[in-house]
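Chemist: One structure is given below, represented as structure tokens, and several questions about it will come after.
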Amino acid sequence: MIGQLATSKAGHDKERLYVIVAQKGDDVYLCDGDLRLPEKPKKKRMKHIQPINDFVDEKLCSRLLNGEKVYGEEIKYALKQYLKKTCI
């Protein structure tokens with residue numbers, strides 16, 4: 001599930017697009033590269049997010065899975081590419 005895109009279903013950030021950067025039990029940690037950076041991700045319950053059937057690119061996904069350093073600009077770029085792809 002790490003590297004998958006998701007939107008928030010509840011809270012003040014409702015319908016905001018995120019990348020899942022970590023998962024612990026029933027909690028996921030979300031990052032959007034703008035307000036929520038990879039150093040301080042948003043913690044949400046699985047029931048409060050809507051996973052999207054799309055992932056960030058392979059290179060970024062493998063870095064997330066291996067626990068390597070990921071920058072907010074990379075996350076922001078991945079979300080921008082998804083939005084560009086879906087708006088066509």
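Chain identifiers are assigned as A, B, and so on, following the order in which chains appear in the structure tokens; residues are numbered from 1 within each chain, and ligands are numbered from 1 in order of appearance.
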Counting only C-alpha atoms, what is within 12 Å of Asp26 of chain A, bar same-chain residues fewer than 4 positions away, as a list in words?
Modeler: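 Here the qualifying residues turn out to be Met1, Ala22, Lys43, Lys44, Arg45, Met46, Lys47, His48 and Ile49 of chain A.
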Chemist: Which polymer residues have any atom within 12 Å of an atom of Glu58 of chain A, counting only C-alpha atoms, with same-chain residues fewer than 3 positions away left out, as a list in words?
Modeler: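 Within the cut-off, the hits are Ile2, Gly3, Gln4, Asp54, Phe55, Cys61, Ser62, Arg63, Leu64, Leu65 and Ala78 of chain A.
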Chemist: Put those residues in a file: N, CA, C and O atoms, as an mmCIF file, in the first residue's frame.
Modeler:
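Written file, result10.cif:
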```cif
data_model
loop_
_atom_site.group_PDB
_atom_site.id
_atom_site.type_symbol
_atom_site.label_atom_id
_atom_site.label_comp_id
_atom_site.auth_asym_id
_atom_site.auth_seq_id
_atom_site.Cartn_x
_atom_site.Cartn_y
_atom_site.Cartn_z
ATOM 1 N N ILE A 2 2.109 1.150 0.433
ATOM 2 C CA ILE A 2 3.011 2.294 0.426
ATOM 3 C C ILE A 2 3.278 2.707 -1.020
ATOM 4 O O ILE A 2 3.534 1.880 -1.878
ATOM 5 N N GLY A 3 3.179 4.006 -1.270
ATOM 6 C CA GLY A 3 3.357 4.527 -2.617
ATOM 7 C C GLY A 3 2.045 4.710 -3.364
ATOM 8 O O GLY A 3 2.016 5.279 -4.441
ATOM 9 N N GLN A 4 0.964 4.237 -2.775
ATOM 10 C CA GLN A 4 -0.356 4.366 -3.402
ATOM 11 C C GLN A 4 -0.929 5.752 -3.129
ATOM 12 O O GLN A 4 -0.669 6.352 -2.096
ATOM 13 N N ASP A 54 -3.886 3.782 -8.146
ATOM 14 C CA ASP A 54 -2.737 4.332 -8.861
ATOM 15 C C ASP A 54 -1.596 4.519 -7.866
ATOM 16 O O ASP A 54 -1.832 4.778 -6.684
ATOM 17 N N PHE A 55 -0.378 4.370 -8.345
ATOM 18 C CA PHE A 55 0.808 4.482 -7.510
ATOM 19 C C PHE A 55 1.744 5.536 -8.076
ATOM 20 O O PHE A 55 1.652 5.897 -9.251
ATOM 21 N N CYS A 61 8.542 4.808 -5.497
ATOM 22 C CA CYS A 61 7.887 3.773 -4.695
ATOM 23 C C CYS A 61 8.917 2.871 -4.013
ATOM 24 O O CYS A 61 8.791 2.557 -2.831
ATOM 25 N N SER A 62 9.956 2.475 -4.730
ATOM 26 C CA SER A 62 10.985 1.612 -4.141
ATOM 27 C C SER A 62 11.755 2.348 -3.044
ATOM 28 O O SER A 62 12.116 1.750 -2.037
ATOM 29 N N ARG A 63 11.969 3.655 -3.217
ATOM 30 C CA ARG A 63 12.647 4.437 -2.178
ATOM 31 C C ARG A 63 11.781 4.552 -0.928
ATOM 32 O O ARG A 63 12.289 4.507 0.193
ATOM 33 N N LEU A 64 10.474 4.694 -1.110
ATOM 34 C CA LEU A 64 9.558 4.731 0.038
ATOM 35 C C LEU A 64 9.553 3.394 0.771
ATOM 36 O O LEU A 64 9.589 3.345 2.005
ATOM 37 N N LEU A 65 9.520 2.307 0.020
ATOM 38 C CA LEU A 65 9.491 0.974 0.617
ATOM 39 C C LEU A 65 10.785 0.654 1.363
ATOM 40 O O LEU A 65 10.761 -0.038 2.387
ATOM 41 N N ALA A 78 4.904 13.970 -8.133
ATOM 42 C CA ALA A 78 4.152 12.746 -8.420
ATOM 43 C C ALA A 78 2.647 13.018 -8.408
ATOM 44 O O ALA A 78 1.915 12.527 -9.277
#
```
Chemist: Measure the distance from atom CA of Lys24 of chain A to atom CA of Thr7 of chain A in Å and round it to one decimal.
Modeler: 18.1 Å
Chemist: Write out as a ChimeraX atom specification the set of residues from chain A that DSSP, computed on the backbone, places in strand (DSSP E or B).
Modeler: /A:4-8,17-24,27-31,42-45,49-55
Chemist: Using N, CA, C and O atoms, can you write the selected residues to a file as an mmCIF file, in the first residue's frame?
Modeler:
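For reference, result_14.cif as written:
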```cif
data_model
loop_
_atom_site.group_PDB
_atom_site.id
_atom_site.type_symbol
_atom_site.label_atom_id
_atom_site.label_comp_id
_atom_site.auth_asym_id
_atom_site.auth_seq_id
_atom_site.Cartn_x
_atom_site.Cartn_y
_atom_site.Cartn_z
ATOM 1 N N GLN A 4 0.964 4.237 -2.775
ATOM 2 C CA GLN A 4 -0.356 4.366 -3.402
ATOM 3 C C GLN A 4 -0.929 5.752 -3.129
ATOM 4 O O GLN A 4 -0.669 6.352 -2.096
ATOM 5 N N LEU A 5 -1.717 6.247 -4.056
ATOM 6 C CA LEU A 5 -2.380 7.527 -3.874
ATOM 7 C C LEU A 5 -3.696 7.307 -3.138
ATOM 8 O O LEU A 5 -4.312 6.249 -3.257
ATOM 9 N N ALA A 6 -4.104 8.329 -2.377
ATOM 10 C CA ALA A 6 -5.350 8.236 -1.620
ATOM 11 C C ALA A 6 -5.903 9.629 -1.388
ATOM 12 O O ALA A 6 -5.167 10.611 -1.401
ATOM 13 N N THR A 7 -7.214 9.695 -1.189
ATOM 14 C CA THR A 7 -7.843 10.952 -0.803
ATOM 15 C C THR A 7 -8.420 10.793 0.599
ATOM 16 O O THR A 7 -8.775 9.691 1.016
ATOM 17 N N SER A 8 -8.517 11.901 1.284
ATOM 18 C CA SER A 8 -9.068 11.911 2.625
ATOM 19 C C SER A 8 -10.592 11.945 2.550
ATOM 20 O O SER A 8 -11.163 12.724 1.800
ATOM 21 N N LEU A 17 -5.673 15.176 -1.864
ATOM 22 C CA LEU A 17 -4.921 14.075 -2.454
ATOM 23 C C LEU A 17 -3.593 13.891 -1.729
ATOM 24 O O LEU A 17 -2.879 14.868 -1.480
ATOM 25 N N TYR A 18 -3.277 12.650 -1.383
ATOM 26 C CA TYR A 18 -2.052 12.313 -0.662
ATOM 27 C C TYR A 18 -1.375 11.098 -1.279
ATOM 28 O O TYR A 18 -1.980 10.350 -2.041
ATOM 29 N N VAL A 19 -0.123 10.877 -0.850
ATOM 30 C CA VAL A 19 0.611 9.651 -1.132
ATOM 31 C C VAL A 19 0.797 8.946 0.206
ATOM 32 O O VAL A 19 1.166 9.576 1.205
ATOM 33 N N ILE A 20 0.554 7.654 0.235
ATOM 34 C CA ILE A 20 0.768 6.878 1.458
ATOM 35 C C ILE A 20 2.262 6.594 1.565
ATOM 36 O O ILE A 20 2.835 5.925 0.702
ATOM 37 N N VAL A 21 2.896 7.119 2.615
ATOM 38 C CA VAL A 21 4.350 6.964 2.764
ATOM 39 C C VAL A 21 4.718 5.909 3.804
ATOM 40 O O VAL A 21 5.860 5.448 3.835
ATOM 41 N N ALA A 22 3.776 5.514 4.656
ATOM 42 C CA ALA A 22 4.043 4.472 5.650
ATOM 43 C C ALA A 22 2.718 3.896 6.134
ATOM 44 O O ALA A 22 1.668 4.512 5.973
ATOM 45 N N GLN A 23 2.822 2.719 6.747
ATOM 46 C CA GLN A 23 1.628 2.064 7.274
ATOM 47 C C GLN A 23 2.020 1.291 8.528
ATOM 48 O O GLN A 23 3.028 0.592 8.551
ATOM 49 N N LYS A 24 1.219 1.435 9.583
ATOM 50 C CA LYS A 24 1.407 0.695 10.829
ATOM 51 C C LYS A 24 0.045 0.221 11.295
ATOM 52 O O LYS A 24 -0.773 1.026 11.729
ATOM 53 N N ASP A 27 -3.337 2.204 10.809
ATOM 54 C CA ASP A 27 -3.016 3.610 10.541
ATOM 55 C C ASP A 27 -2.132 3.732 9.305
ATOM 56 O O ASP A 27 -1.283 2.874 9.056
ATOM 57 N N VAL A 28 -2.353 4.794 8.544
ATOM 58 C CA VAL A 28 -1.480 5.112 7.418
ATOM 59 C C VAL A 28 -0.939 6.521 7.624
ATOM 60 O O VAL A 28 -1.547 7.345 8.306
ATOM 61 N N TYR A 29 0.217 6.780 7.039
ATOM 62 C CA TYR A 29 0.845 8.089 7.128
ATOM 63 C C TYR A 29 0.860 8.692 5.731
ATOM 64 O O TYR A 29 1.348 8.074 4.782
ATOM 65 N N LEU A 30 0.291 9.896 5.621
ATOM 66 C CA LEU A 30 0.058 10.523 4.327
ATOM 67 C C LEU A 30 0.914 11.766 4.152
ATOM 68 O O LEU A 30 1.168 12.498 5.109
ATOM 69 N N CYS A 31 1.314 12.008 2.913
ATOM 70 C CA CYS A 31 2.126 13.169 2.584
ATOM 71 C C CYS A 31 1.613 13.767 1.287
ATOM 72 O O CYS A 31 1.237 13.042 0.369
ATOM 73 N N LYS A 42 0.931 13.032 7.808
ATOM 74 C CA LYS A 42 -0.376 13.051 8.468
ATOM 75 C C LYS A 42 -0.769 11.617 8.805
ATOM 76 O O LYS A 42 -0.744 10.739 7.940
ATOM 77 N N LYS A 43 -1.132 11.363 10.056
ATOM 78 C CA LYS A 43 -1.567 10.034 10.474
ATOM 79 C C LYS A 43 -3.088 9.963 10.377
ATOM 80 O O LYS A 43 -3.781 10.837 10.890
ATOM 81 N N LYS A 44 -3.585 8.945 9.690
ATOM 82 C CA LYS A 44 -5.034 8.746 9.554
ATOM 83 C C LYS A 44 -5.353 7.259 9.649
ATOM 84 O O LYS A 44 -4.543 6.413 9.291
ATOM 85 N N ARG A 45 -6.550 6.977 10.076
ATOM 86 C CA ARG A 45 -7.056 5.611 10.082
ATOM 87 C C ARG A 45 -7.416 5.206 8.656
ATOM 88 O O ARG A 45 -7.812 6.046 7.845
ATOM 89 N N ILE A 49 -9.677 7.179 4.779
ATOM 90 C CA ILE A 49 -9.090 7.487 3.469
ATOM 91 C C ILE A 49 -9.749 6.649 2.388
ATOM 92 O O ILE A 49 -10.320 5.594 2.664
ATOM 93 N N GLN A 50 -9.674 7.135 1.157
ATOM 94 C CA GLN A 50 -10.170 6.401 -0.008
ATOM 95 C C GLN A 50 -8.971 6.130 -0.912
ATOM 96 O O GLN A 50 -8.507 7.035 -1.603
ATOM 97 N N PRO A 51 -8.429 4.895 -0.900
ATOM 98 C CA PRO A 51 -7.288 4.594 -1.773
ATOM 99 C C PRO A 51 -7.680 4.701 -3.243
ATOM 100 O O PRO A 51 -8.804 4.375 -3.633
ATOM 101 N N ILE A 52 -6.746 5.166 -4.045
ATOM 102 C CA ILE A 52 -6.936 5.290 -5.483
ATOM 103 C C ILE A 52 -6.119 4.189 -6.140
ATOM 104 O O ILE A 52 -5.015 3.879 -5.686
ATOM 105 N N ASN A 53 -6.624 3.605 -7.183
ATOM 106 C CA ASN A 53 -5.941 2.513 -7.860
ATOM 107 C C ASN A 53 -4.811 3.045 -8.745
ATOM 108 O O ASN A 53 -4.783 2.801 -9.949
ATOM 109 N N ASP A 54 -3.886 3.782 -8.146
ATOM 110 C CA ASP A 54 -2.737 4.332 -8.861
ATOM 111 C C ASP A 54 -1.596 4.519 -7.866
ATOM 112 O O ASP A 54 -1.832 4.778 -6.684
ATOM 113 N N PHE A 55 -0.378 4.370 -8.345
ATOM 114 C CA PHE A 55 0.808 4.482 -7.510
ATOM 115 C C PHE A 55 1.744 5.536 -8.076
ATOM 116 O O PHE A 55 1.652 5.897 -9.251
#
```
Chemist: Please report the interatomic distance between atom CA of Gly25 of chain A and atom CA of Tyr71 of chain A in Å with one decimal.
Modeler: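 Spanning atom CA of Gly25 of chain A to atom CA of Tyr71 of chain A is a straight-line distance of 24.5 Å.
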Chemist: Which residue is closest to Leu35 of chain A? Choose from A:Ile75, A:Ala10, A:Val70, A:Leu60 and count only C-alpha atoms.
Modeler: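 Using only C-alpha atoms, the shortest distance to Leu35 of chain A belongs to A:Ile75.
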Chemist: Excluding same-chain residues fewer than 6 positions from Tyr77 of chain A, what lies within 10 Å of it counting only C-alpha atoms, as a list in words?
Modeler: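 Non-adjacent residues within range: Asp32, Gly33, Val56 and Leu83 of chain A.
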Chemist: Using N, CA and C atoms, can you write the selected residues to a file as an mmCIF file, in the first residue's frame?
Modeler:
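Saved to again_19.cif:
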```
data_model
loop_
_atom_site.group_PDB
_atom_site.id
_atom_site.type_symbol
_atom_site.label_atom_id
_atom_site.label_comp_id
_atom_site.auth_asym_id
_atom_site.auth_seq_id
_atom_site.Cartn_x
_atom_site.Cartn_y
_atom_site.Cartn_z
ATOM 1 N N ASP A 32 1.592 15.111 1.208
ATOM 2 C CA ASP A 32 1.195 15.764 -0.041
ATOM 3 C C ASP A 32 2.310 16.636 -0.607
ATOM 4 N N GLY A 33 3.441 16.718 0.084
ATOM 5 C CA GLY A 33 4.569 17.482 -0.418
ATOM 6 C C GLY A 33 4.419 18.980 -0.256
ATOM 7 N N VAL A 56 2.677 5.998 -7.237
ATOM 8 C CA VAL A 56 3.736 6.891 -7.721
ATOM 9 C C VAL A 56 4.663 6.058 -8.613
ATOM 10 N N LEU A 83 -2.538 14.208 -11.419
ATOM 11 C CA LEU A 83 -3.624 15.123 -11.741
ATOM 12 C C LEU A 83 -3.606 15.487 -13.225
#
```
Chemist: Quote the spacing between atom CA of Gly67 of chain A and atom CA of Arg16 of chain A in Å to one decimal place.
Modeler: 24.1 Å
Chemist: From a backbone DSSP assignment, name each residue in chain A labelled helix (DSSP H, G or I), as a VMD selection string.
Modeler: chain A and resid 46 to 48 58 to 65 72 to 86
